[in-house]
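Listing of query.tsv, TSV, C-alpha atoms
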```
chain	number	residue	atom	x	y	z
A	1	MET	CA	0.00	0.00	0.00
A	2	THR	CA	1.37	3.41	-0.98
A	3	GLU	CA	1.67	6.20	1.54
A	4	THR	CA	-0.46	9.31	0.85
A	5	PRO	CA	0.69	12.82	1.77
A	6	PHE	CA	-2.56	13.34	3.71
A	7	SER	CA	-4.64	11.42	6.20
A	8	MET	CA	-8.08	10.01	5.40
A	9	LYS	CA	-9.50	12.07	8.25
A	10	GLU	CA	-7.98	15.26	6.81
A	11	ALA	CA	-9.33	14.39	3.32
A	12	MET	CA	-12.84	13.72	4.60
A	13	LEU	CA	-12.91	16.87	6.71
A	14	PHE	CA	-11.83	18.96	3.72
A	15	SER	CA	-14.36	17.32	1.38
A	16	GLN	CA	-17.23	17.72	3.83
A	17	ARG	CA	-16.28	21.29	4.70
A	18	ILE	CA	-16.25	22.23	0.99
A	19	ALA	CA	-19.54	20.38	0.40
A	20	GLN	CA	-21.35	22.04	3.30
A	21	LEU	CA	-20.02	25.53	2.55
A	22	SER	CA	-20.72	25.19	-1.18
A	23	LYS	CA	-24.26	23.99	-0.58
A	24	ALA	CA	-24.99	26.83	1.87
A	25	LEU	CA	-23.43	29.42	-0.43
A	26	TRP	CA	-25.23	28.08	-3.53
A	27	LYS	CA	-28.60	28.24	-1.76
A	28	SER	CA	-28.08	31.97	-1.12
A	29	ILE	CA	-26.65	32.60	-4.60
A	30	GLU	CA	-29.58	30.80	-6.20
A	31	LYS	CA	-32.10	32.84	-4.23
A	32	ASP	CA	-30.28	36.12	-5.03
A	33	TRP	CA	-30.00	35.26	-8.74
A	34	GLN	CA	-33.66	34.23	-9.05
A	35	GLN	CA	-34.82	37.45	-7.40
A	36	TRP	CA	-32.56	39.53	-9.65
A	37	ILE	CA	-33.86	38.06	-12.93
A	38	LYS	CA	-37.48	37.54	-11.93
A	39	PRO	CA	-38.68	40.74	-13.72
A	40	TYR	CA	-37.26	39.40	-17.00
A	41	ASN	CA	-39.16	36.11	-16.90
A	42	LEU	CA	-35.90	34.15	-17.01
A	43	ASN	CA	-34.59	31.27	-14.96
A	44	ILE	CA	-30.97	30.95	-13.86
A	45	ASN	CA	-29.94	28.68	-16.75
A	46	GLU	CA	-31.50	31.02	-19.31
A	47	HIS	CA	-29.86	34.11	-17.81
A	48	HIS	CA	-26.51	32.32	-17.63
A	49	ILE	CA	-26.84	31.28	-21.29
A	50	LEU	CA	-27.53	34.90	-22.29
A	51	TRP	CA	-24.43	35.97	-20.30
A	52	ILE	CA	-22.28	33.31	-21.98
A	53	ALA	CA	-23.61	34.05	-25.47
A	54	TYR	CA	-22.92	37.75	-24.93
A	55	HIS	CA	-19.32	37.26	-23.83
A	56	LEU	CA	-18.37	34.46	-26.21
A	57	LYS	CA	-20.10	35.98	-29.26
A	58	GLY	CA	-21.08	32.93	-31.27
A	59	ALA	CA	-20.59	30.21	-28.67
A	60	SER	CA	-21.27	26.60	-29.55
A	61	ILE	CA	-23.82	24.72	-27.48
A	62	SER	CA	-20.85	22.68	-26.19
A	63	ASP	CA	-19.15	25.89	-25.03
A	64	VAL	CA	-22.36	27.02	-23.33
A	65	ALA	CA	-22.66	23.66	-21.57
A	66	LYS	CA	-19.02	23.64	-20.49
A	67	PHE	CA	-18.90	27.20	-19.20
A	68	GLY	CA	-22.44	27.05	-17.83
A	69	VAL	CA	-21.56	23.82	-16.00
A	70	MET	CA	-24.60	22.06	-17.41
A	71	HIS	CA	-25.29	19.00	-19.52
A	72	VAL	CA	-25.28	19.62	-23.29
A	73	SER	CA	-28.98	18.69	-23.50
A	74	THR	CA	-29.78	21.23	-20.76
A	75	ALA	CA	-27.83	23.93	-22.59
A	76	PHE	CA	-29.60	23.07	-25.84
A	77	ASN	CA	-33.11	22.88	-24.34
A	78	PHE	CA	-32.83	26.19	-22.49
A	79	SER	CA	-31.23	27.82	-25.53
A	80	LYS	CA	-34.16	26.55	-27.61
A	81	LYS	CA	-36.59	28.24	-25.18
A	82	LEU	CA	-34.60	31.46	-25.53
A	83	GLU	CA	-34.74	31.14	-29.32
A	84	GLU	CA	-38.53	30.71	-29.15
A	85	ARG	CA	-38.67	34.01	-27.23
A	86	ASN	CA	-36.46	35.64	-29.90
A	87	LEU	CA	-33.62	36.19	-27.39
A	88	LEU	CA	-31.12	33.84	-29.08
A	89	ARG	CA	-30.43	32.82	-32.65
A	90	PHE	CA	-29.13	29.39	-33.67
A	91	SER	CA	-26.69	28.98	-36.52
A	92	LYS	CA	-24.21	26.63	-38.16
A	93	LYS	CA	-20.81	27.70	-39.39
A	94	GLU	CA	-19.84	27.06	-42.99
A	95	ASN	CA	-16.70	25.19	-41.92
A	96	ASP	CA	-18.37	23.41	-38.96
A	97	LYS	CA	-21.75	21.87	-39.72
A	98	ARG	CA	-21.65	19.47	-36.74
A	99	ASN	CA	-21.90	22.09	-34.00
A	100	THR	CA	-24.79	24.41	-33.29
A	101	TYR	CA	-23.89	27.96	-32.34
A	102	VAL	CA	-25.90	30.58	-30.48
A	103	GLU	CA	-25.75	34.33	-30.51
A	104	LEU	CA	-27.84	36.98	-28.86
A	105	THR	CA	-30.54	38.75	-30.79
A	106	GLU	CA	-30.99	42.48	-30.23
A	107	GLN	CA	-33.87	41.67	-27.88
A	108	GLY	CA	-31.71	39.13	-25.99
A	109	GLU	CA	-28.91	41.65	-25.58
A	110	GLU	CA	-31.40	44.29	-24.43
A	111	ILE	CA	-32.80	42.00	-21.72
A	112	LEU	CA	-29.30	41.02	-20.54
A	113	LEU	CA	-28.15	44.65	-20.46
A	114	ASN	CA	-31.32	45.73	-18.63
A	115	SER	CA	-30.77	43.02	-16.04
A	116	MET	CA	-27.24	44.30	-15.52
A	117	LYS	CA	-28.42	47.91	-15.37
A	118	ASN	CA	-31.00	47.02	-12.73
A	119	TYR	CA	-28.72	44.91	-10.53
A	120	LYS	CA	-29.01	46.03	-6.91
A	121	PRO	CA	-26.21	44.80	-4.65
A	122	THR	CA	-28.22	45.69	-1.57
A	123	ASP	CA	-30.74	42.98	-2.55
A	124	ASN	CA	-27.96	40.38	-2.71
A	125	ILE	CA	-27.39	38.30	0.44
A	126	VAL	CA	-23.99	37.02	-0.72
A	127	PHE	CA	-22.81	40.54	-1.53
A	128	LYS	CA	-23.90	41.74	1.90
A	129	GLY	CA	-22.13	38.75	3.47
A	130	ALA	CA	-18.86	39.80	1.79
A	131	MET	CA	-19.11	43.47	2.79
A	132	PRO	CA	-17.38	43.03	6.19
A	133	LEU	CA	-14.34	41.61	4.35
A	134	ARG	CA	-14.38	44.50	1.89
A	135	ASP	CA	-14.65	46.95	4.77
A	136	LEU	CA	-11.74	45.28	6.55
A	137	TYR	CA	-9.38	44.79	3.58
A	138	GLY	CA	-10.60	47.51	1.20
A	139	LYS	CA	-11.56	45.02	-1.53
A	140	PHE	CA	-13.78	42.03	-2.11
A	141	PRO	CA	-12.30	38.54	-1.61
A	142	GLU	CA	-10.62	37.28	-4.77
A	143	ILE	CA	-11.32	33.67	-3.82
A	144	ILE	CA	-8.09	32.48	-5.44
A	145	GLU	CA	-8.17	29.11	-3.68
A	146	MET	CA	-11.67	28.41	-5.00
A	147	MET	CA	-10.61	29.44	-8.51
A	148	THR	CA	-7.64	27.07	-8.29
A	149	ILE	CA	-9.87	24.18	-7.24
A	150	VAL	CA	-12.28	24.91	-10.10
A	151	LYS	CA	-9.38	25.17	-12.56
A	152	ASN	CA	-8.06	21.80	-11.43
A	153	ILE	CA	-11.52	20.27	-11.94
A	154	TYR	CA	-12.64	21.96	-15.18
A	155	GLY	CA	-9.33	22.86	-16.79
A	156	ASP	CA	-7.60	25.82	-18.37
A	157	ASP	CA	-10.27	26.28	-21.07
A	158	PHE	CA	-12.92	26.88	-18.42
A	159	MET	CA	-10.78	29.43	-16.61
A	160	GLU	CA	-9.90	31.20	-19.88
A	161	ILE	CA	-13.59	31.64	-20.67
A	162	PHE	CA	-14.24	32.65	-17.06
A	163	GLU	CA	-11.54	35.34	-17.21
A	164	LYS	CA	-12.58	36.46	-20.70
A	165	SER	CA	-16.13	37.19	-19.58
A	166	PHE	CA	-14.95	39.26	-16.63
A	167	ASN	CA	-12.32	41.07	-18.72
A	168	ASN	CA	-15.04	41.88	-21.27
A	169	PHE	CA	-17.18	43.21	-18.45
A	170	GLU	CA	-14.31	45.39	-17.20
A	171	THR	CA	-13.69	46.92	-20.63
A	172	ASP	CA	-17.23	47.06	-22.05
A	173	PHE	CA	-19.16	48.55	-19.14
A	174	ILE	CA	-19.08	51.58	-16.89
A	175	GLU	CA	-21.00	52.61	-13.83
A	176	GLU	CA	-23.18	55.64	-14.32
A	177	LYS	CA	-25.47	56.99	-11.59
A	178	GLY	CA	-25.27	53.68	-9.74
A	179	GLN	CA	-26.13	51.55	-12.78
A	180	ILE	CA	-24.09	49.29	-15.05
A	181	ILE	CA	-24.15	50.68	-18.60
A	182	LYS	CA	-22.59	49.27	-21.78
A	183	ILE	CA	-20.02	51.60	-23.34
A	184	SER	CA	-20.79	52.47	-26.95
A	185	GLU	CA	-18.19	51.47	-29.54
A	186	GLU	CA	-17.49	55.15	-30.27
A	187	VAL	CA	-16.75	55.90	-26.62
A	188	LYS	CA	-14.65	52.73	-26.28
A	189	GLU	CA	-12.42	53.83	-29.16
A	190	THR	CA	-11.63	57.12	-27.40
A	191	ILE	CA	-10.62	55.42	-24.15
```

Reformat the file's structure so that it appears as structure tokens.
Amino acid sequence: MTETPFSMKEAMLFSQRIAQLSKALWKSIEKDWQQWIKPYNLNINEHHILWIAYHLKGASISDVAKFGVMHVSTAFNFSKKLEERNLLRFSKKENDKRNTYVELTEQGEEILLNSMKNYKPTDNIVFKGAMPLRDLYGKFPEIIEMMTIVKNIYGDDFMEIFEKSFNNFETDFIEEKGQIIKISEEVKETI
């Protein structure tokens, strides 16, 4: 029998601690997210698909599933519902007929941007839970350990898409009068 660099007790305590904390955190995140998007008649999967389609601009259903951490059939079925509401458009690429791609329609982008514009951090339990850390350290937790665990589970591709979406957000949006607003292409060119 080979010697492990950790004890079984240590491994189980870590696994259970992560499981319990993740479950508790997800319950609050899910509630916050549902309340945020309720006015747009979207569920969490649909809103997440709109977010992914916006940031990946022509994402395949496989990309949506991978980054959305959902089964391919789930990504397809919810994307189909969004297409029926004229929020997404399906397409095939000339050089790739096997994959189905999605992109936002104008109406889909408008709903996503309105949801972002109307985000209220004070309605968000998780945000409020992080405020004491921000007050203490002057910034929100970066959660680097969690990101490392996710990277080791889902791989570099996942983290590249993750970072791309947040980099896009940093460069494509500004805060104006307490709301998130997309920067026009003209304004972006002058920055």

May I have the centre and edge lengths, in Å to one decimal, of an axis-aligned box around the listed atoms of region 28-39 of chain A with 3 Å added to every side, as lines of an AutoDock Vina configuration file?
```
center_x = -32.7
center_y = 35.8
center_z = -7.4
size_x = 18.0
size_y = 15.9
size_z = 18.6
```

Pull the neighbourhood of (-23.6, 20.7, -27.9) for me: all residues within 12 Å in file coordinates, counting only C-alpha atoms, as a PDB file with C-alpha atoms, in the coordinates of the input.
```
ATOM      1  CA  ALA A  59     -20.590  30.210 -28.670  1.00  0.00           C
ATOM      2  CA  SER A  60     -21.270  26.600 -29.550  1.00  0.00           C
ATOM      3  CA  ILE A  61     -23.820  24.720 -27.480  1.00  0.00           C
ATOM      4  CA  SER A  62     -20.850  22.680 -26.190  1.00  0.00           C
ATOM      5  CA  ASP A  63     -19.150  25.890 -25.030  1.00  0.00           C
ATOM      6  CA  VAL A  64     -22.360  27.020 -23.330  1.00  0.00           C
ATOM      7  CA  ALA A  65     -22.660  23.660 -21.570  1.00  0.00           C
ATOM      8  CA  LYS A  66     -19.020  23.640 -20.490  1.00  0.00           C
ATOM      9  CA  PHE A  67     -18.900  27.200 -19.200  1.00  0.00           C
ATOM     10  CA  GLY A  68     -22.440  27.050 -17.830  1.00  0.00           C
ATOM     11  CA  MET A  70     -24.600  22.060 -17.410  1.00  0.00           C
ATOM     12  CA  HIS A  71     -25.290  19.000 -19.520  1.00  0.00           C
ATOM     13  CA  VAL A  72     -25.280  19.620 -23.290  1.00  0.00           C
ATOM     14  CA  SER A  73     -28.980  18.690 -23.500  1.00  0.00           C
ATOM     15  CA  THR A  74     -29.780  21.230 -20.760  1.00  0.00           C
ATOM     16  CA  ALA A  75     -27.830  23.930 -22.590  1.00  0.00           C
ATOM     17  CA  PHE A  76     -29.600  23.070 -25.840  1.00  0.00           C
ATOM     18  CA  ASN A  77     -33.110  22.880 -24.340  1.00  0.00           C
ATOM     19  CA  SER A  79     -31.230  27.820 -25.530  1.00  0.00           C
ATOM     20  CA  PHE A  90     -29.130  29.390 -33.670  1.00  0.00           C
ATOM     21  CA  LYS A  92     -24.210  26.630 -38.160  1.00  0.00           C
ATOM     22  CA  ARG A  98     -21.650  19.470 -36.740  1.00  0.00           C
ATOM     23  CA  ASN A  99     -21.900  22.090 -34.000  1.00  0.00           C
ATOM     24  CA  THR A 100     -24.790  24.410 -33.290  1.00  0.00           C
ATOM     25  CA  TYR A 101     -23.890  27.960 -32.340  1.00  0.00           C
ATOM     26  CA  VAL A 102     -25.900  30.580 -30.480  1.00  0.00           C
TER      27      VAL A 102
END
```

Nearest candidate to Glu163 (chain A) (options A:Lys80, A:Arg85, A:Lys128, A:His55; using only C-alpha atoms): A:His55

Find the residues around Ile149 (chain A) up to 12 Å (only C-alpha atoms counted), leave out those fewer than 6 positions away in its own chain, and share them as a compact mmCIF listing (two decimals) with C-alpha atoms, keeping the file's coordinate frame.
```
# COMPACT_ATOMS: atom_id res chain seq x y z
CA SER A 15 -14.36 17.32 1.38
CA ILE A 18 -16.25 22.23 0.99
CA ILE A 143 -11.32 33.67 -3.82
CA GLY A 155 -9.33 22.86 -16.79
CA ASP A 156 -7.60 25.82 -18.37
CA PHE A 158 -12.92 26.88 -18.42
CA MET A 159 -10.78 29.43 -16.61
```

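Pairwise distance (CA of Asp123 (chain A), CA of Lys27 (chain A)) equals 14.9 Å.
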
One number please: CA of Ile125 (chain A) to CA of Asp172 (chain A), in Å, one decimal. 26.2 Å

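The nearest approach to Asp32 (chain A) among the residues A:Ser115, A:Gln107, A:Asn124, A:Ser7, with only C-alpha atoms taken into account, belongs to A:Asn124.
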
Using all atoms listed in the file - which residues lie no farther than 9 Å from the point (-31.3, 36.4, -10.2) in the file's frame? Write them as a PyMOL selection string. chain A and resi 29-38+42-44+47+115+119

If we count all atoms listed in the file and set the cut-off at 10 Å, which residues sit around region 178-182 of chain A, ignoring sequence neighbours fewer than 4 positions away in its own chain? Please answer as a VMD selection string. chain A and resid 113 to 120 169 171 to 174 188

One number please: CA of Glu109 (chain A) to CA of Tyr40 (chain A), in Å, one decimal. 12.2 Å

For Trp26 (chain A), which residue out of A:Glu46, A:Val126, A:Met8, A:Thr2 is the nearest one, using all atoms listed in the file?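 For Trp26 (chain A), the nearest of the candidates is A:Val126.
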
Spatial neighbours of Ala53 (chain A), 7 Å, all atoms listed in the file, chain gap at least 4 places, as an mmCIF file with C-alpha atoms, keeping the file's coordinate frame:
```cif
data_model
loop_
_atom_site.group_PDB
_atom_site.id
_atom_site.type_symbol
_atom_site.label_atom_id
_atom_site.label_comp_id
_atom_site.auth_asym_id
_atom_site.auth_seq_id
_atom_site.Cartn_x
_atom_site.Cartn_y
_atom_site.Cartn_z
ATOM 1 C CA ILE A 49 -26.840 31.280 -21.290
ATOM 2 C CA LYS A 57 -20.100 35.980 -29.260
ATOM 3 C CA GLY A 58 -21.080 32.930 -31.270
ATOM 4 C CA ALA A 59 -20.590 30.210 -28.670
ATOM 5 C CA VAL A 102 -25.900 30.580 -30.480
ATOM 6 C CA GLU A 103 -25.750 34.330 -30.510
ATOM 7 C CA LEU A 104 -27.840 36.980 -28.860
#
```

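Each of A:Leu13, A:Leu87, A:Ala130, A:Ala24 was compared to Asn41 (chain A) using only C-alpha atoms, and A:Leu87 turns out to be the nearest.
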
Would you kindly return, as JSON, numbers by chain, each protein, DNA or RNA residue with an atom no farther than 10 Å from any atom of Met147 (chain A), considering only C-alpha atoms and excluding same-chain residues fewer than 5 positions away? {"A": [142, 152, 153, 159, 162]}

Can you fill out region 49-60 of chain A with all heavy atoms and hand it back as a PDB file, in the coordinates of the input?
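What follows is the written file rebuild.pdb:
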```pdb
ATOM      1  N   ILE A  49     -27.070  31.492 -19.858  1.00  0.00           N
ATOM      2  CA  ILE A  49     -26.840  31.280 -21.290  1.00  0.00           C
ATOM      3  C   ILE A  49     -26.750  32.622 -22.017  1.00  0.00           C
ATOM      4  O   ILE A  49     -25.878  32.804 -22.881  1.00  0.00           O
ATOM      5  CB  ILE A  49     -27.926  30.366 -21.901  1.00  0.00           C
ATOM      6  CG1 ILE A  49     -27.735  28.933 -21.379  1.00  0.00           C
ATOM      7  CG2 ILE A  49     -27.891  30.403 -23.430  1.00  0.00           C
ATOM      8  CD1 ILE A  49     -28.906  27.998 -21.646  1.00  0.00           C
ATOM      9  N   LEU A  50     -27.612  33.560 -21.670  1.00  0.00           N
ATOM     10  CA  LEU A  50     -27.530  34.900 -22.290  1.00  0.00           C
ATOM     11  C   LEU A  50     -26.177  35.545 -21.977  1.00  0.00           C
ATOM     12  O   LEU A  50     -25.547  36.140 -22.856  1.00  0.00           O
ATOM     13  CB  LEU A  50     -28.672  35.798 -21.801  1.00  0.00           C
ATOM     14  CG  LEU A  50     -30.080  35.420 -22.243  1.00  0.00           C
ATOM     15  CD1 LEU A  50     -31.107  36.370 -21.625  1.00  0.00           C
ATOM     16  CD2 LEU A  50     -30.213  35.382 -23.754  1.00  0.00           C
ATOM     17  N   TRP A  51     -25.725  35.417 -20.710  1.00  0.00           N
ATOM     18  CA  TRP A  51     -24.430  35.970 -20.300  1.00  0.00           C
ATOM     19  C   TRP A  51     -23.296  35.347 -21.124  1.00  0.00           C
ATOM     20  O   TRP A  51     -22.429  36.038 -21.647  1.00  0.00           O
ATOM     21  CB  TRP A  51     -24.226  35.720 -18.804  1.00  0.00           C
ATOM     22  CG  TRP A  51     -22.898  36.133 -18.251  1.00  0.00           C
ATOM     23  CD1 TRP A  51     -21.757  35.365 -18.209  1.00  0.00           C
ATOM     24  CD2 TRP A  51     -22.545  37.380 -17.645  1.00  0.00           C
ATOM     25  NE1 TRP A  51     -20.735  36.076 -17.610  1.00  0.00           N
ATOM     26  CE2 TRP A  51     -21.200  37.313 -17.259  1.00  0.00           C
ATOM     27  CE3 TRP A  51     -23.257  38.547 -17.381  1.00  0.00           C
ATOM     28  CZ2 TRP A  51     -20.540  38.369 -16.634  1.00  0.00           C
ATOM     29  CZ3 TRP A  51     -22.592  39.590 -16.759  1.00  0.00           C
ATOM     30  CH2 TRP A  51     -21.246  39.488 -16.396  1.00  0.00           C
ATOM     31  N   ILE A  52     -23.325  34.021 -21.245  1.00  0.00           N
ATOM     32  CA  ILE A  52     -22.280  33.310 -21.980  1.00  0.00           C
ATOM     33  C   ILE A  52     -22.303  33.695 -23.452  1.00  0.00           C
ATOM     34  O   ILE A  52     -21.258  33.993 -24.048  1.00  0.00           O
ATOM     35  CB  ILE A  52     -22.439  31.783 -21.803  1.00  0.00           C
ATOM     36  CG1 ILE A  52     -22.190  31.396 -20.341  1.00  0.00           C
ATOM     37  CG2 ILE A  52     -21.506  31.013 -22.740  1.00  0.00           C
ATOM     38  CD1 ILE A  52     -22.677  30.001 -19.979  1.00  0.00           C
ATOM     39  N   ALA A  53     -23.490  33.705 -24.052  1.00  0.00           N
ATOM     40  CA  ALA A  53     -23.610  34.050 -25.470  1.00  0.00           C
ATOM     41  C   ALA A  53     -23.113  35.474 -25.716  1.00  0.00           C
ATOM     42  O   ALA A  53     -22.477  35.748 -26.733  1.00  0.00           O
ATOM     43  CB  ALA A  53     -25.062  33.904 -25.930  1.00  0.00           C
ATOM     44  N   TYR A  54     -23.386  36.368 -24.781  1.00  0.00           N
ATOM     45  CA  TYR A  54     -22.920  37.750 -24.930  1.00  0.00           C
ATOM     46  C   TYR A  54     -21.403  37.811 -24.938  1.00  0.00           C
ATOM     47  O   TYR A  54     -20.800  38.458 -25.791  1.00  0.00           O
ATOM     48  CB  TYR A  54     -23.474  38.619 -23.791  1.00  0.00           C
ATOM     49  CG  TYR A  54     -22.976  40.037 -23.880  1.00  0.00           C
ATOM     50  CD1 TYR A  54     -23.629  40.961 -24.684  1.00  0.00           C
ATOM     51  CD2 TYR A  54     -21.827  40.444 -23.192  1.00  0.00           C
ATOM     52  CE1 TYR A  54     -23.160  42.261 -24.796  1.00  0.00           C
ATOM     53  CE2 TYR A  54     -21.358  41.741 -23.302  1.00  0.00           C
ATOM     54  CZ  TYR A  54     -22.020  42.643 -24.102  1.00  0.00           C
ATOM     55  OH  TYR A  54     -21.537  43.929 -24.221  1.00  0.00           O
ATOM     56  N   HIS A  55     -20.769  37.145 -23.982  1.00  0.00           N
ATOM     57  CA  HIS A  55     -19.320  37.260 -23.830  1.00  0.00           C
ATOM     58  C   HIS A  55     -18.536  36.414 -24.828  1.00  0.00           C
ATOM     59  O   HIS A  55     -17.412  36.769 -25.176  1.00  0.00           O
ATOM     60  CB  HIS A  55     -18.904  36.942 -22.399  1.00  0.00           C
ATOM     61  CG  HIS A  55     -19.308  38.025 -21.456  1.00  0.00           C
ATOM     62  ND1 HIS A  55     -18.691  39.247 -21.413  1.00  0.00           N
ATOM     63  CD2 HIS A  55     -20.299  38.089 -20.538  1.00  0.00           C
ATOM     64  CE1 HIS A  55     -19.266  40.013 -20.507  1.00  0.00           C
ATOM     65  NE2 HIS A  55     -20.256  39.334 -19.964  1.00  0.00           N
ATOM     66  N   LEU A  56     -19.107  35.315 -25.282  1.00  0.00           N
ATOM     67  CA  LEU A  56     -18.370  34.460 -26.210  1.00  0.00           C
ATOM     68  C   LEU A  56     -18.716  34.755 -27.670  1.00  0.00           C
ATOM     69  O   LEU A  56     -18.080  34.219 -28.570  1.00  0.00           O
ATOM     70  CB  LEU A  56     -18.613  32.982 -25.903  1.00  0.00           C
ATOM     71  CG  LEU A  56     -18.074  32.504 -24.562  1.00  0.00           C
ATOM     72  CD1 LEU A  56     -18.228  30.996 -24.439  1.00  0.00           C
ATOM     73  CD2 LEU A  56     -16.616  32.889 -24.364  1.00  0.00           C
ATOM     74  N   LYS A  57     -19.716  35.540 -27.911  1.00  0.00           N
ATOM     75  CA  LYS A  57     -20.100  35.980 -29.260  1.00  0.00           C
ATOM     76  C   LYS A  57     -20.012  34.846 -30.285  1.00  0.00           C
ATOM     77  O   LYS A  57     -19.035  34.710 -30.993  1.00  0.00           O
ATOM     78  CB  LYS A  57     -19.249  37.162 -29.690  1.00  0.00           C
ATOM     79  CG  LYS A  57     -19.394  38.346 -28.756  1.00  0.00           C
ATOM     80  CD  LYS A  57     -18.749  39.580 -29.279  1.00  0.00           C
ATOM     81  CE  LYS A  57     -18.733  40.742 -28.343  1.00  0.00           C
ATOM     82  NZ  LYS A  57     -19.586  40.811 -27.221  1.00  0.00           N
ATOM     83  N   GLY A  58     -21.058  34.052 -30.350  1.00  0.00           N
ATOM     84  CA  GLY A  58     -21.080  32.930 -31.270  1.00  0.00           C
ATOM     85  C   GLY A  58     -20.580  31.660 -30.625  1.00  0.00           C
ATOM     86  O   GLY A  58     -19.813  30.915 -31.222  1.00  0.00           O
ATOM     87  N   ALA A  59     -21.020  31.402 -29.406  1.00  0.00           N
ATOM     88  CA  ALA A  59     -20.590  30.210 -28.670  1.00  0.00           C
ATOM     89  C   ALA A  59     -21.312  28.975 -29.195  1.00  0.00           C
ATOM     90  O   ALA A  59     -22.470  29.045 -29.590  1.00  0.00           O
ATOM     91  CB  ALA A  59     -20.911  30.381 -27.180  1.00  0.00           C
ATOM     92  N   SER A  60     -20.615  27.861 -29.197  1.00  0.00           N
ATOM     93  CA  SER A  60     -21.270  26.600 -29.550  1.00  0.00           C
ATOM     94  C   SER A  60     -22.078  26.141 -28.334  1.00  0.00           C
ATOM     95  O   SER A  60     -21.815  26.559 -27.203  1.00  0.00           O
ATOM     96  CB  SER A  60     -20.238  25.537 -29.925  1.00  0.00           C
ATOM     97  OG  SER A  60     -19.513  25.124 -28.774  1.00  0.00           O
TER      98      SER A  60
END
```
